[in-house]
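Colleague: One structure follows; several queries about it will come next.
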Amino acid sequence: MTHDASSGDPLSGFDLVAAGPQRSREGPETAARHHDVPPGNPTVTALRKQFPDAVFHNLICAGDEDVVYVDPGRITEILGWLHREADQHYDHLADVTAVDYGGGKPLEVVYQLWSIPHRAALRVKCELPLDALEIETATGIWAGANWLEREVYDLFGIHFTGHPDPRRILMPENYAEGHPLRKDFPLRGRFSRAEQTRRALTQNPEDYYAAGEIAGRVPQTVEVDGGDATGEEGGGDVL
Amino acid sequence: MGLDKPGILGTGSPAFLTTRLDFVVNWARRNSLWPMPFGTACCAIEMMASAASNFDLARFGMERMSFSPRQADVLICAGRVPYKLAPVLRRIWDQMMQPKWCISMGACASSGGVFDVYSMVQGIDTIVPVDVYIPGCPPRPEGLIYGLMMVQEKIRGESLANHAALRAEDPLAAGRPRAGNEEVTDLTGPFGNSTHQNRVSGLVETDAIGRAEDRLP
């Protein structure tokens with residue numbers, strides 16, 4: 001089922017779902033041909049106005065979900081604007097994930113945003129070619145992006161520049177077989193089962209934690225105001 | 001002089017019994033098996049049901065789930081074990097004191113189950129020695145109780161004469177795989193629907209689902 005781009009009538013979201021994932025490496029001006037739907041989402045309109053050359057195209061997915069494809073080079077700028085701007089205020093980063101469509105197609109990084117005050121959702125996608133899997137981190141905008149980006153790095157091998165803790169999060173620290181959710185990854189892994197078992201038992205579970213996470217298991221101290229009755233003078237009586 | 005004190009069969013009977021040491025040791029061991037629950041998935045739900053009032057595992061001597069491996073006698077591995085958890089399972093097994101037994105509960109713990117993938121241990125018997133495998137996905141509580149009673153039967157057949165041979169552990173084997181490389185390969189070979197997966201480390205071809213009559217119409 002393919003859509004005739006010359007017919008002129010707008011695609012519904014269901015048509016786009018049936019048509020499957022769309023390639024969009026054509027660039028900003030050509031990509032804007034037939035993927036574009038009448039922009040009903042005010043955020044998409046404002047985003048296009050603010051970043052005319054960084055927003056490649058947008059579409060509506062599954063009926064009512066707005067998806068915006070943007071320039072990966074300016075991702076923190078765009079996400080920061082969406083977070084900061086009072087009319088947008090996407091203050092909740094619901095998910096960061098990635099999609100590999102296989103066949104040498106670029107990997108898509110997906111940011112699922114939610115604005116709590118405006119009750120609006122937006123999906124921002126970036127396409128990264130397989131030979132340049134690098135994008136700037138969003139941890140400076142949402143602290144919660146930390147572990148989500150670690151997961152994307154672990155399973156897809158996408159590097160987030162500037163990430164404060166770029167380690168694996170799900171697979172073992174000493175995992176050397178690659179990034180399992182990539183389409184070119186064999187289902188049973190690259191090593192033999194014997195080698196996988198041997199390697200698994202050489203890991204030390206304590207290594208998963210940073211030193212501070214284990215050593216820091218002390219009760220939290222509570223700051224007490226010095227001027228209170230529980231100050232130095234009263235403390236002597238108790239002792 | 002104590003002669004008027006009653007024995008266990010009444011006045012005049014001796015206040016002691018003779019028995020075989022093996023019998024009384026095994027009797028004590030098998031009737032107070034404390035499980036170390038290593039529940040990682042849905043099998044653990046059935047294990048909890050076994051311990052709850054309807055099935056009441058305590059009737060058979062499993063009076064208390066021992067959440068410390070130091071006081072546990074039988075390790076019940078209930079659920080799938082990923083490779084990241086394998087050293088934890090091995091360490092818990094190493095921390096348990098002899099005599100100890102191990103039950104592999106359910107398809108995933110016994111063979112990896114449907115999870116014939118990169119991240120999953122294909123049977124915990126590559127990691128720790130297993131005494132009883134319980135099939136099922138998950139097994140019903142009756143299955144777990146039957147498995148524990150099989151462990152009890154196994155204990156009944158043990159003897160202090162071969163205790164050292166049965167129970168000796170090499171300290172150097174702690175934290176290492178139980179099975180050697182060839183055995184792991186044998187134990188973890190693809191089966192069922194996984195036969196046609198392309199595996200870089202060596203494609204294994206069988207005709208398990210290559211036959212036309214196996215295909216659904």
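We name chains A, B, ... following the order of the structure tokens; residues begin at 1 in each chain, and ligands are numbered from 1 as shown.
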Please report, as JSON lines, each residue of chain B lying at most 9 Å from chain A, together with the nearest pair of atoms and the separation in Å rounded to one decimal; use only C-alpha atoms, and order rows by chain and ascending residue number.
Modeller:
{"residue": "B:Tyr83", "atom": "CA", "partner": "A:Ala200", "partner_atom": "CA", "distance": 5.5}
{"residue": "B:Lys84", "atom": "CA", "partner": "A:Pro172", "partner_atom": "CA", "distance": 5.6}
{"residue": "B:Leu85", "atom": "CA", "partner": "A:Ala200", "partner_atom": "CA", "distance": 8.3}
{"residue": "B:Ala86", "atom": "CA", "partner": "A:Leu201", "partner_atom": "CA", "distance": 6.4}
{"residue": "B:Pro87", "atom": "CA", "partner": "A:Leu201", "partner_atom": "CA", "distance": 4.9}
{"residue": "B:Val88", "atom": "CA", "partner": "A:Pro205", "partner_atom": "CA", "distance": 7.1}
{"residue": "B:Arg90", "atom": "CA", "partner": "A:Leu201", "partner_atom": "CA", "distance": 7.9}
{"residue": "B:Asp116", "atom": "CA", "partner": "A:Arg188", "partner_atom": "CA", "distance": 6.6}
{"residue": "B:Val117", "atom": "CA", "partner": "A:Arg188", "partner_atom": "CA", "distance": 4.4}
{"residue": "B:Tyr118", "atom": "CA", "partner": "A:Arg188", "partner_atom": "CA", "distance": 4.1}
{"residue": "B:Ser119", "atom": "CA", "partner": "A:Gly189", "partner_atom": "CA", "distance": 7.8}
{"residue": "B:Met120", "atom": "CA", "partner": "A:Arg188", "partner_atom": "CA", "distance": 8.9}
{"residue": "B:Val121", "atom": "CA", "partner": "A:Thr197", "partner_atom": "CA", "distance": 7.4}
{"residue": "B:Gln122", "atom": "CA", "partner": "A:Arg193", "partner_atom": "CA", "distance": 8.1}
{"residue": "B:Thr126", "atom": "CA", "partner": "A:Thr197", "partner_atom": "CA", "distance": 7.6}
{"residue": "B:Ile127", "atom": "CA", "partner": "A:Thr197", "partner_atom": "CA", "distance": 7.8}
{"residue": "B:Gly175", "atom": "CA", "partner": "A:Leu201", "partner_atom": "CA", "distance": 6.5}
{"residue": "B:Arg176", "atom": "CA", "partner": "A:Leu201", "partner_atom": "CA", "distance": 6.1}
{"residue": "B:Pro177", "atom": "CA", "partner": "A:Arg198", "partner_atom": "CA", "distance": 6.5}
{"residue": "B:Ala179", "atom": "CA", "partner": "A:Ala194", "partner_atom": "CA", "distance": 8.8}
{"residue": "B:Gly180", "atom": "CA", "partner": "A:Ala194", "partner_atom": "CA", "distance": 7.7}
{"residue": "B:Asn181", "atom": "CA", "partner": "A:Ala194", "partner_atom": "CA", "distance": 5.0}
{"residue": "B:Glu182", "atom": "CA", "partner": "A:Ala194", "partner_atom": "CA", "distance": 7.6}
{"residue": "B:Glu183", "atom": "CA", "partner": "A:Ala194", "partner_atom": "CA", "distance": 8.4}
{"residue": "B:Val184", "atom": "CA", "partner": "A:Ala194", "partner_atom": "CA", "distance": 5.4}
{"residue": "B:Thr185", "atom": "CA", "partner": "A:Ala194", "partner_atom": "CA", "distance": 6.1}
{"residue": "B:Thr188", "atom": "CA", "partner": "A:Arg193", "partner_atom": "CA", "distance": 6.9}
{"residue": "B:Gly189", "atom": "CA", "partner": "A:Arg193", "partner_atom": "CA", "distance": 8.5}
{"residue": "B:Gln197", "atom": "CA", "partner": "A:Leu187", "partner_atom": "CA", "distance": 7.1}
{"residue": "B:Asn198", "atom": "CA", "partner": "A:Pro186", "partner_atom": "CA", "distance": 6.6}
{"residue": "B:Arg199", "atom": "CA", "partner": "A:Pro186", "partner_atom": "CA", "distance": 6.1}
{"residue": "B:Val200", "atom": "CA", "partner": "A:Arg190", "partner_atom": "CA", "distance": 5.6}
{"residue": "B:Ser201", "atom": "CA", "partner": "A:Ser192", "partner_atom": "CA", "distance": 5.5}
{"residue": "B:Gly202", "atom": "CA", "partner": "A:Ser192", "partner_atom": "CA", "distance": 8.0}
Colleague: Quick one: write out the picked residues with C-alpha atoms as an mmCIF file, in the first residue's frame?
Modeller:
data_model
loop_
_atom_site.group_PDB
_atom_site.id
_atom_site.type_symbol
_atom_site.label_atom_id
_atom_site.label_comp_id
_atom_site.auth_asym_id
_atom_site.auth_seq_id
_atom_site.Cartn_x
_atom_site.Cartn_y
_atom_site.Cartn_z
ATOM 1 C CA TYR B 83 24.183 -14.073 32.413
ATOM 2 C CA LYS B 84 24.434 -10.957 34.508
ATOM 3 C CA LEU B 85 22.853 -12.858 37.399
ATOM 4 C CA ALA B 86 24.964 -15.987 36.930
ATOM 5 C CA PRO B 87 27.786 -14.924 39.284
ATOM 6 C CA VAL B 88 25.207 -14.044 41.940
ATOM 7 C CA ARG B 90 27.042 -19.121 41.824
ATOM 8 C CA ASP B 116 17.291 -19.040 23.669
ATOM 9 C CA VAL B 117 18.892 -15.622 23.343
ATOM 10 C CA TYR B 118 22.118 -13.764 23.902
ATOM 11 C CA SER B 119 21.434 -12.783 27.479
ATOM 12 C CA MET B 120 20.131 -15.946 29.100
ATOM 13 C CA VAL B 121 21.829 -18.828 30.868
ATOM 14 C CA GLN B 122 20.800 -22.006 29.035
ATOM 15 C CA THR B 126 26.072 -25.032 33.597
ATOM 16 C CA ILE B 127 26.601 -22.855 36.665
ATOM 17 C CA GLY B 175 32.839 -18.968 41.366
ATOM 18 C CA ARG B 176 33.607 -21.050 38.301
ATOM 19 C CA PRO B 177 31.242 -22.776 35.866
ATOM 20 C CA ALA B 179 30.428 -27.636 33.414
ATOM 21 C CA GLY B 180 33.391 -27.674 31.100
ATOM 22 C CA ASN B 181 33.322 -26.136 27.665
ATOM 23 C CA GLU B 182 32.265 -29.299 25.825
ATOM 24 C CA GLU B 183 29.542 -30.040 28.333
ATOM 25 C CA VAL B 184 28.203 -26.500 28.099
ATOM 26 C CA THR B 185 28.073 -26.844 24.333
ATOM 27 C CA THR B 188 22.996 -25.554 25.423
ATOM 28 C CA GLY B 189 22.604 -26.638 21.846
ATOM 29 C CA GLN B 197 18.811 -19.157 14.061
ATOM 30 C CA ASN B 198 21.967 -17.977 12.472
ATOM 31 C CA ARG B 199 24.708 -18.179 15.007
ATOM 32 C CA VAL B 200 28.043 -16.667 14.253
ATOM 33 C CA SER B 201 29.887 -19.069 16.509
ATOM 34 C CA GLY B 202 28.754 -22.058 14.448
#
Colleague: From the DSSP assignment of the backbone, select every residue of region 80-189 of chain B that is helix (DSSP H, G or I), and format the answer as a VMD selection string.
Modeller: chain B and resid 83 to 95 106 to 111 124 to 126 141 to 156 160 to 167 171 to 173 181 to 187
Colleague: With C-alpha atoms retained, write the just-selected residues as a PDB file, in the first residue's frame.
Modeller:
ATOM      1  CA  TYR B  83      24.183 -14.073  32.413  1.00  0.00           C
ATOM      2  CA  LYS B  84      24.434 -10.957  34.508  1.00  0.00           C
ATOM      3  CA  LEU B  85      22.853 -12.858  37.399  1.00  0.00           C
ATOM      4  CA  ALA B  86      24.964 -15.987  36.930  1.00  0.00           C
ATOM      5  CA  PRO B  87      27.786 -14.924  39.284  1.00  0.00           C
ATOM      6  CA  VAL B  88      25.207 -14.044  41.940  1.00  0.00           C
ATOM      7  CA  LEU B  89      23.626 -17.491  41.684  1.00  0.00           C
ATOM      8  CA  ARG B  90      27.042 -19.121  41.824  1.00  0.00           C
ATOM      9  CA  ARG B  91      28.087 -17.086  44.830  1.00  0.00           C
ATOM     10  CA  ILE B  92      24.909 -17.947  46.734  1.00  0.00           C
ATOM     11  CA  TRP B  93      25.540 -21.607  45.978  1.00  0.00           C
ATOM     12  CA  ASP B  94      29.138 -21.270  47.181  1.00  0.00           C
ATOM     13  CA  GLN B  95      27.959 -19.592  50.367  1.00  0.00           C
ATOM     14  CA  GLY B 106      10.704 -24.574  35.651  1.00  0.00           C
ATOM     15  CA  ALA B 107      11.697 -24.611  32.022  1.00  0.00           C
ATOM     16  CA  CYS B 108      13.814 -21.447  32.071  1.00  0.00           C
ATOM     17  CA  ALA B 109      16.018 -22.446  34.968  1.00  0.00           C
ATOM     18  CA  SER B 110      16.407 -25.961  33.609  1.00  0.00           C
ATOM     19  CA  SER B 111      17.124 -25.182  29.964  1.00  0.00           C
ATOM     20  CA  ILE B 124      21.576 -23.360  35.546  1.00  0.00           C
ATOM     21  CA  ASP B 125      23.297 -26.746  35.520  1.00  0.00           C
ATOM     22  CA  THR B 126      26.072 -25.032  33.597  1.00  0.00           C
ATOM     23  CA  PRO B 141       2.875 -26.046  43.531  1.00  0.00           C
ATOM     24  CA  GLU B 142       2.244 -29.791  43.468  1.00  0.00           C
ATOM     25  CA  GLY B 143       5.182 -30.029  41.074  1.00  0.00           C
ATOM     26  CA  LEU B 144       7.487 -28.127  43.401  1.00  0.00           C
ATOM     27  CA  ILE B 145       6.389 -30.180  46.386  1.00  0.00           C
ATOM     28  CA  TYR B 146       6.940 -33.357  44.407  1.00  0.00           C
ATOM     29  CA  GLY B 147      10.400 -32.132  43.473  1.00  0.00           C
ATOM     30  CA  LEU B 148      11.219 -31.430  47.097  1.00  0.00           C
ATOM     31  CA  MET B 149      10.009 -34.902  48.028  1.00  0.00           C
ATOM     32  CA  MET B 150      12.331 -36.286  45.357  1.00  0.00           C
ATOM     33  CA  VAL B 151      15.170 -34.457  47.093  1.00  0.00           C
ATOM     34  CA  GLN B 152      14.043 -36.104  50.314  1.00  0.00           C
ATOM     35  CA  GLU B 153      14.150 -39.484  48.601  1.00  0.00           C
ATOM     36  CA  LYS B 154      17.624 -38.712  47.364  1.00  0.00           C
ATOM     37  CA  ILE B 155      18.740 -37.849  50.883  1.00  0.00           C
ATOM     38  CA  ARG B 156      17.281 -41.139  52.112  1.00  0.00           C
ATOM     39  CA  LEU B 160      27.936 -41.141  55.685  1.00  0.00           C
ATOM     40  CA  ALA B 161      30.272 -43.739  54.196  1.00  0.00           C
ATOM     41  CA  ASN B 162      30.384 -41.899  50.892  1.00  0.00           C
ATOM     42  CA  HIS B 163      29.768 -38.498  52.379  1.00  0.00           C
ATOM     43  CA  ALA B 164      33.167 -37.191  51.406  1.00  0.00           C
ATOM     44  CA  ALA B 165      32.739 -38.358  47.836  1.00  0.00           C
ATOM     45  CA  LEU B 166      29.266 -36.853  47.582  1.00  0.00           C
ATOM     46  CA  ARG B 167      29.859 -33.642  49.426  1.00  0.00           C
ATOM     47  CA  PRO B 171      37.604 -24.572  46.995  1.00  0.00           C
ATOM     48  CA  LEU B 172      39.219 -23.611  43.728  1.00  0.00           C
ATOM     49  CA  ALA B 173      35.957 -24.368  41.930  1.00  0.00           C
ATOM     50  CA  ASN B 181      33.322 -26.136  27.665  1.00  0.00           C
ATOM     51  CA  GLU B 182      32.265 -29.299  25.825  1.00  0.00           C
ATOM     52  CA  GLU B 183      29.542 -30.040  28.333  1.00  0.00           C
ATOM     53  CA  VAL B 184      28.203 -26.500  28.099  1.00  0.00           C
ATOM     54  CA  THR B 185      28.073 -26.844  24.333  1.00  0.00           C
ATOM     55  CA  ASP B 186      26.211 -30.132  24.682  1.00  0.00           C
ATOM     56  CA  LEU B 187      23.776 -28.765  27.231  1.00  0.00           C
TER      57      LEU B 187
END
Colleague: With a distance cut-off of 6 Å and only C-alpha atoms, select the neighbouring residues of region 16-28 of chain B, excluding the residue or stretch itself and same-chain residues fewer than 2 positions from it, and output the selection as a list in words.
Modeller: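 Near region 16-28 of chain B, the qualifying residues are Pro14, Arg30, Asn31, Arg156 and Ser159 of chain B.
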Colleague: Would you pick out the contacts of region 100-103 of chain A at 12 Å or less, using only C-alpha atoms, so that residues sharing its chain but fewer than 6 positions from it are not included, and give the list as a list in words?
Modeller: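 Near neighbours after the sequence-gap exclusion: Gly20, Pro21, Gln22, Arg23, Val109, Val110, Glu127, Leu128, Pro129, Leu130, Leu133, Val152, Leu155, Phe156, Gly157, Ile158, His179, Pro180, Leu181, Arg182, Lys183, Asp184 and Phe185 of chain A.
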Colleague: For region 71-75 of chain A, please output as a VMD selection string all residues within 10 Å (counting only C-alpha atoms; exclusion window: fewer than 6 positions along the same chain).
Modeller: chain A and resid 27 to 28 51 53 to 56 81 108 to 109 124 to 128 134 to 138
Colleague: Contacts of Ala145 (chain A) at 10 Å or less, counting only C-alpha atoms, minus same-chain residues fewer than 3 places along, as an mmCIF file with N, CA and C atoms, in the first residue's frame?
Modeller:
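The file below, selection-v8.cif, is the result:
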data_model
loop_
_atom_site.group_PDB
_atom_site.id
_atom_site.type_symbol
_atom_site.label_atom_id
_atom_site.label_comp_id
_atom_site.auth_asym_id
_atom_site.auth_seq_id
_atom_site.Cartn_x
_atom_site.Cartn_y
_atom_site.Cartn_z
ATOM 1 N N LEU A 93 10.515 14.144 30.447
ATOM 2 C CA LEU A 93 11.077 13.286 29.403
ATOM 3 C C LEU A 93 10.616 11.863 29.700
ATOM 4 N N ALA A 94 9.617 11.418 28.955
ATOM 5 C CA ALA A 94 9.040 10.109 29.269
ATOM 6 C C ALA A 94 9.970 8.980 28.878
ATOM 7 N N ASP A 95 10.655 9.129 27.746
ATOM 8 C CA ASP A 95 11.508 8.024 27.314
ATOM 9 C C ASP A 95 12.526 8.523 26.298
ATOM 10 N N VAL A 96 13.682 7.918 26.333
ATOM 11 C CA VAL A 96 14.651 8.032 25.244
ATOM 12 C C VAL A 96 14.905 6.623 24.767
ATOM 13 N N TYR A 111 12.951 10.727 21.251
ATOM 14 C CA TYR A 111 12.700 11.386 22.523
ATOM 15 C C TYR A 111 11.191 11.540 22.673
ATOM 16 N N THR A 137 24.189 14.779 24.586
ATOM 17 C CA THR A 137 23.358 14.263 25.671
ATOM 18 C C THR A 137 22.282 15.272 26.049
ATOM 19 N N ALA A 138 21.176 14.752 26.569
ATOM 20 C CA ALA A 138 20.102 15.608 27.059
ATOM 21 C C ALA A 138 20.079 15.669 28.575
ATOM 22 N N THR A 139 21.140 15.161 29.220
ATOM 23 C CA THR A 139 21.129 15.149 30.684
ATOM 24 C C THR A 139 21.165 16.550 31.270
ATOM 25 N N GLY A 140 21.674 17.518 30.487
ATOM 26 C CA GLY A 140 21.667 18.877 30.998
ATOM 27 C C GLY A 140 20.271 19.489 31.045
ATOM 28 N N ILE A 141 19.326 18.907 30.311
ATOM 29 C CA ILE A 141 17.974 19.440 30.256
ATOM 30 C C ILE A 141 17.068 18.663 31.208
ATOM 31 N N TRP A 142 17.098 17.340 31.083
ATOM 32 C CA TRP A 142 16.367 16.486 32.026
ATOM 33 C C TRP A 142 17.397 15.559 32.672
ATOM 34 N N LEU A 148 18.354 6.593 30.751
ATOM 35 C CA LEU A 148 17.736 6.267 29.471
ATOM 36 C C LEU A 148 18.775 6.282 28.354
ATOM 37 N N GLU A 149 19.656 7.251 28.414
ATOM 38 C CA GLU A 149 20.702 7.305 27.385
ATOM 39 C C GLU A 149 21.734 6.208 27.581
ATOM 40 N N ARG A 150 21.965 5.838 28.825
ATOM 41 C CA ARG A 150 22.856 4.697 29.045
ATOM 42 C C ARG A 150 22.271 3.440 28.424
ATOM 43 N N GLU A 151 20.960 3.285 28.533
ATOM 44 C CA GLU A 151 20.324 2.103 27.955
ATOM 45 C C GLU A 151 20.445 2.122 26.434
ATOM 46 N N HIS A 163 27.896 12.905 28.153
ATOM 47 C CA HIS A 163 27.148 12.169 29.173
ATOM 48 C C HIS A 163 28.011 12.015 30.426
#
Colleague: Out of B:Met105, B:Met97, B:Val130, B:Ser53, which residue has the shortest atom-to-atom distance to Phe38 (chain B) when counting only C-alpha atoms?
Modeller: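 Smallest separation from Phe38 (chain B) among the options: B:Met105.
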Colleague: Can you list, as a PyMOL selection string, all residues belonging to region 3-202 of chain B that DSSP tags as strand (DSSP E or B)?
Modeller: chain B and resi 6-7+10-11+35-39+74-78+82+101-105+120+132-134
Colleague: For the selection just defined, write its residues with C-alpha atoms to a file, as an mmCIF file, in the first residue's frame.
Modeller:
data_model
loop_
_atom_site.group_PDB
_atom_site.id
_atom_site.type_symbol
_atom_site.label_atom_id
_atom_site.label_comp_id
_atom_site.auth_asym_id
_atom_site.auth_seq_id
_atom_site.Cartn_x
_atom_site.Cartn_y
_atom_site.Cartn_z
ATOM 1 C CA PRO B 6 9.580 -44.926 82.516
ATOM 2 C CA GLY B 7 11.202 -45.382 79.118
ATOM 3 C CA GLY B 10 6.399 -47.376 79.464
ATOM 4 C CA THR B 11 7.770 -48.450 82.792
ATOM 5 C CA PRO B 35 14.904 -23.730 51.070
ATOM 6 C CA MET B 36 16.945 -20.818 49.829
ATOM 7 C CA PRO B 37 14.480 -19.158 47.452
ATOM 8 C CA PHE B 38 16.195 -17.749 44.362
ATOM 9 C CA GLY B 39 13.062 -16.520 42.634
ATOM 10 C CA VAL B 74 18.262 -26.566 49.315
ATOM 11 C CA LEU B 75 18.568 -23.872 46.678
ATOM 12 C CA ILE B 76 15.378 -23.456 44.662
ATOM 13 C CA CYS B 77 16.186 -21.563 41.498
ATOM 14 C CA ALA B 78 12.772 -20.457 40.284
ATOM 15 C CA PRO B 82 20.421 -13.987 32.771
ATOM 16 C CA TRP B 101 20.996 -29.589 47.342
ATOM 17 C CA CYS B 102 19.694 -27.667 44.366
ATOM 18 C CA ILE B 103 16.357 -27.677 42.595
ATOM 19 C CA SER B 104 15.976 -26.177 39.160
ATOM 20 C CA MET B 105 12.353 -25.114 39.001
ATOM 21 C CA MET B 120 20.131 -15.946 29.100
ATOM 22 C CA VAL B 132 16.184 -32.208 40.727
ATOM 23 C CA TYR B 133 14.728 -30.550 37.628
ATOM 24 C CA ILE B 134 11.055 -29.634 37.749
#
Colleague: Could you check how far CA of Thr43 (chain A) sits from CA of Cys61 (chain A), in Å to one decimal?
Modeller: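 According to the coordinates, CA of Thr43 (chain A) and CA of Cys61 (chain A) are separated by 15.6 Å.
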Colleague: One decimal, Å: what's the distance from CA of Val44 (chain A) over to CA of Phe14 (chain A), could you say?
Modeller: 19.5 Å
Colleague: Just want the 12 Å neighbourhood of Ala46 (chain A), counted on only C-alpha atoms, with same-chain residues fewer than 2 positions away dropped. Output as a PDB file with C-alpha atoms, in the first residue's frame.
Modeller:
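Saved file result.pdb follows:
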ATOM      1  CA  PRO A  39       0.014  21.149  11.276  1.00  0.00           C
ATOM      2  CA  GLY A  40      -2.667  20.911  13.889  1.00  0.00           C
ATOM      3  CA  ASN A  41      -0.204  20.793  16.733  1.00  0.00           C
ATOM      4  CA  PRO A  42       0.758  24.311  17.906  1.00  0.00           C
ATOM      5  CA  THR A  43       4.098  23.025  19.141  1.00  0.00           C
ATOM      6  CA  VAL A  44       5.021  21.751  15.706  1.00  0.00           C
ATOM      7  CA  ARG A  48       9.067  25.022  12.586  1.00  0.00           C
ATOM      8  CA  LYS A  49       8.961  28.785  12.984  1.00  0.00           C
ATOM      9  CA  GLN A  50      11.748  28.812  15.555  1.00  0.00           C
ATOM     10  CA  PHE A  51      14.014  26.306  13.784  1.00  0.00           C
ATOM     11  CA  PRO A  52      13.100  26.486  10.097  1.00  0.00           C
ATOM     12  CA  VAL A  55      13.103  20.678  11.559  1.00  0.00           C
ATOM     13  CA  VAL A  68       8.989  15.684  14.465  1.00  0.00           C
ATOM     14  CA  ILE A  78      15.767  22.129  20.134  1.00  0.00           C
ATOM     15  CA  TRP A  81      13.880  25.264  23.700  1.00  0.00           C
ATOM     16  CA  LEU A  82      10.959  22.843  24.033  1.00  0.00           C
ATOM     17  CA  GLU A  85       9.700  27.947  26.390  1.00  0.00           C
ATOM     18  CA  ALA A  86       6.630  28.834  28.472  1.00  0.00           C
ATOM     19  CA  ASP A  87       4.190  27.975  25.688  1.00  0.00           C
ATOM     20  CA  GLN A  88       5.738  24.523  25.254  1.00  0.00           C
TER      21      GLN A  88
END
Colleague: Smallest atom-to-atom distance to Ser66 (chain B): which of B:Leu33, B:Met48, B:Ala174, B:Val128, using only C-alpha atoms?
Modeller: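 Nearest to Ser66 (chain B): B:Leu33.
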